Amino acid sequence: MWLVFAFLSAVFASLTAILAKCGIKKADSTVATAIRTIVVLLFSALMIVVTGSKLPVNGIDGRTWIFLILSGLATGASWLCYFKALFTGPASKVAVLDKSSTVITMILSFIIFKEPFTSLSFMAVILVSLGTYLMVQKAGDGEIATSSRSWLIYAILSALFASLTTILGKIGVENIDSNIGSTIRTFVVLIMAWLLVFVEKKGDKIKEISKKELVFILLSGVATGASWLCYYRALQTGLSSVVVSIDRLSILFTILFSYIVFKEKQTKKSMLGLSLLVAGTILLLIPVIT
């Protein structure tokens with residue numbers, strides 16, 4: 001059952017990137033992150049009501065609280081970096097770099113959780129790494145595709161924090177309901193995002209957001225909420241390395257939607273890179289399917 005949730009997470013994650021890109025054409029990325037986090041939190045709270053999950057706040061031990069809070073901080077950092085990268089960078093390439101957190105997560109999962117790291121895992125790491133490299137190159141040369149390297153730096157940081165989110169989240173939901181864990185972490189992200197808005201004195205930028213962009217930002221929050229709930233439900237009972245890899249299949253949908261909505265075309269080299277990414281993901285799924 002956790003495999004189903006992992007695939008649903010991938011579908012919603014792809015919608016998150018596209019909708020967010022539409023919502024931050026002019027809007028400040030930090031403000032947009034803070035606004036959409038409200039939607040994600042409401043979505044998480046709604047799922048608690050729908051599923052009838054109990055909120056045993058007094059029954060949550062200190063260790064769980066620490067890892068949930070740390071997971072929330074890592075998530076907040078990942079989101080902020082991701083949306084800053086989307087603001088100036090191509091959605092398809094930002095998404096590819098963000099999904100490269102698969103490699104980091106696999107290594108950390110092996111070290112921390114003692115999850116199997118077989119020859120197939122090693123081959124998958126090589127394929128995913130090479131595929132990522134090919135997809136972010138310019139056509140015809142060996143330079144990273146960017147006119148301004150700021151989005152590239154933010155995209156890489158997003159991947160690093162995303163991998164930490166997975167590892168910390170895996171520990172944080174070991175002894176509690178996944179919906180409860182998602183809500184607590186999202187509340188941490190909400191506080192973090194709004195603190196940044198006020199510390200950076202960006203409160204006035206909220207009024208500058210157009211209604212059209214606001215709608216896309218809110219829809220992005222809904223997609224994120226759905227993706228998160230499915231993702232952490234899968235993490236609770238599944239192998240984190242495999243769950244993350246399935247979630248990374250969202251790149252297929254992201255590239256398709258990027259072409260349809262933003263006219264972002266892929267070169268032969270980038271398509272080869274995409275094929276390697278998918279091949280690496282399939283290698284990780286073989287032990288589970290068989």
# chains A, B, ... in the order shown; residues from 1 in each chain; ligands from 1
call {"tool": "closest_atom_pairs", "arguments": {"of": "stretch 86-118 of chain A", "to": "stretch 3-22 of chain A", "cutoff": "7 Å", "atoms": "only C-alpha atoms", "output": "CSV"}}
result
residue,atom,partner,partner_atom,distance
A:Leu86,CA,A:Lys21,CA,6.1
A:Phe87,CA,A:Lys21,CA,6.9
A:Ala91,CA,A:Lys21,CA,6.9
call {"tool": "write_last_selection", "arguments": {"atoms": "C-alpha atoms", "output": "mmCIF file, in the first residue's frame"}}
result
data_model
loop_
_atom_site.group_PDB
_atom_site.id
_atom_site.type_symbol
_atom_site.label_atom_id
_atom_site.label_comp_id
_atom_site.auth_asym_id
_atom_site.auth_seq_id
_atom_site.Cartn_x
_atom_site.Cartn_y
_atom_site.Cartn_z
ATOM 1 C CA LEU A 86 12.052 28.720 -9.572
ATOM 2 C CA PHE A 87 11.760 32.516 -9.619
ATOM 3 C CA ALA A 91 11.173 24.875 -13.908
#
call {"tool": "residues_around", "arguments": {"residues": "A:Ser210", "least_positions_apart": "3", "cutoff": "10 Å", "atoms": "only C-alpha atoms", "output": "MDAnalysis selection string"}}
result
chainID A and resid 23 26:27 206:207 213:215
call {"tool": "write_last_selection", "arguments": {"atoms": "N, CA and C atoms", "output": "compact mmCIF listing (two decimals), in the first residue's frame"}}
result
# COMPACT_ATOMS: atom_id res chain seq x y z
N GLY A 23 2.82 31.09 -10.10
CA GLY A 23 2.44 32.03 -9.04
C GLY A 23 3.53 32.97 -8.58
N LYS A 26 6.03 37.43 -10.58
CA LYS A 26 6.35 38.75 -10.05
C LYS A 26 6.36 38.76 -8.52
N ALA A 27 5.63 37.85 -7.92
CA ALA A 27 5.52 37.82 -6.46
C ALA A 27 6.84 37.41 -5.82
N ILE A 206 2.94 41.55 0.23
CA ILE A 206 1.74 40.71 0.18
C ILE A 206 0.66 41.38 -0.66
N LYS A 207 0.50 42.70 -0.48
CA LYS A 207 -0.52 43.45 -1.21
C LYS A 207 -0.20 43.57 -2.69
N GLU A 213 -1.92 35.43 -9.58
CA GLU A 213 -0.77 34.76 -8.97
C GLU A 213 -1.14 34.15 -7.63
N LEU A 214 -2.00 34.84 -6.89
CA LEU A 214 -2.44 34.33 -5.59
C LEU A 214 -3.16 33.00 -5.73
N VAL A 215 -3.99 32.89 -6.76
CA VAL A 215 -4.72 31.64 -7.01
C VAL A 215 -3.74 30.49 -7.27
call {"tool": "closest_residue", "arguments": {"among": "A:Ser78, A:Ser220, A:Asn175, A:Ser150", "to": "A:Ala32", "atoms": "only C-alpha atoms"}}
result
A:Ser220
call {"tool": "closest_residue", "arguments": {"among": "A:Asp204, A:Glu264, A:Asp28, A:Asp177", "to": "A:Gln236", "atoms": "only C-alpha atoms"}}
result
A:Asp177
call {"tool": "atom_distance", "arguments": {"atom1": "atom CA of A:Val103", "atom2": "atom CA of A:Val125"}}
result
5.7 Å
call {"tool": "residues_around", "arguments": {"residues": "A:Ile126", "least_positions_apart": "4", "cutoff": "10 Å", "atoms": "only C-alpha atoms", "output": "list in words"}}
result
Val103, Leu120, Ser121, Phe122, Leu130, Gly131, Thr132, Leu276, Leu277 and Gly280 of chain A
call {"tool": "write_last_selection", "arguments": {"atoms": "N, CA and C atoms", "output": "JSON list (two decimals), in the first residue's frame"}}
result
[["chain", "number", "residue", "atom", "x", "y", "z"],
["A", 103, "VAL", "N", 20.14, 10.78, -4.38],
["A", 103, "VAL", "CA", 21.46, 10.20, -4.14],
["A", 103, "VAL", "C", 21.89, 10.42, -2.70],
["A", 120, "LEU", "N", 22.78, -2.94, -7.25],
["A", 120, "LEU", "CA", 21.74, -2.21, -7.97],
["A", 120, "LEU", "C", 21.63, -0.78, -7.46],
["A", 121, "SER", "N", 21.75, -0.61, -6.15],
["A", 121, "SER", "CA", 21.71, 0.72, -5.56],
["A", 121, "SER", "C", 22.86, 1.57, -6.07],
["A", 122, "PHE", "N", 24.04, 0.97, -6.14],
["A", 122, "PHE", "CA", 25.23, 1.68, -6.62],
["A", 122, "PHE", "C", 25.04, 2.11, -8.08],
["A", 130, "LEU", "N", 24.60, 10.92, -13.20],
["A", 130, "LEU", "CA", 24.95, 11.24, -14.59],
["A", 130, "LEU", "C", 23.77, 11.87, -15.31],
["A", 131, "GLY", "N", 22.58, 11.34, -15.05],
["A", 131, "GLY", "CA", 21.39, 11.89, -15.69],
["A", 131, "GLY", "C", 21.14, 13.34, -15.28],
["A", 132, "THR", "N", 21.33, 13.63, -14.01],
["A", 132, "THR", "CA", 21.17, 15.00, -13.51],
["A", 132, "THR", "C", 22.16, 15.94, -14.18],
["A", 276, "LEU", "N", 18.31, 8.26, -18.16],
["A", 276, "LEU", "CA", 19.19, 7.70, -17.14],
["A", 276, "LEU", "C", 18.56, 7.84, -15.75],
["A", 277, "LEU", "N", 17.91, 8.99, -15.51],
["A", 277, "LEU", "CA", 17.23, 9.20, -14.23],
["A", 277, "LEU", "C", 16.14, 8.16, -14.00],
["A", 280, "GLY", "N", 17.62, 4.72, -13.38],
["A", 280, "GLY", "CA", 18.11, 4.60, -12.01],
["A", 280, "GLY", "C", 16.99, 4.35, -11.02]]
call {"tool": "atom_distance", "arguments": {"atom1": "atom CA of A:Ser250", "atom2": "atom CA of A:Met1"}}
result
18.7 Å
call {"tool": "select_by_dssp", "arguments": {"residues": "stretch 177-217 of chain A", "states": "alpha helix (DSSP H)", "output": "ChimeraX atom specification"}}
result
/A:178-199,211-217
call {"tool": "closest_residue", "arguments": {"among": "A:Thr64, A:Ser29, A:Thr105, A:Thr75", "to": "A:Thr88", "atoms": "only C-alpha atoms"}}
result
A:Ser29
call {"tool": "atom_distance", "arguments": {"atom1": "atom CA of A:Ala77", "atom2": "atom CA of A:Asp98"}}
result
12.6 Å
call {"tool": "closest_residue", "arguments": {"among": "A:Phe161, A:Trp151, A:Phe83, A:Phe117", "to": "A:Arg36", "atoms": "only C-alpha atoms"}}
result
A:Phe83
call {"tool": "closest_residue", "arguments": {"among": "A:Val136, A:Ile167, A:Leu157, A:Cys81", "to": "A:Ile112", "atoms": "only C-alpha atoms"}}
result
A:Ile167
call {"tool": "closest_residue", "arguments": {"among": "A:Tyr232, A:Trp79, A:Phe216, A:Phe262", "to": "A:Ala34", "atoms": "only C-alpha atoms"}}
result
A:Trp79
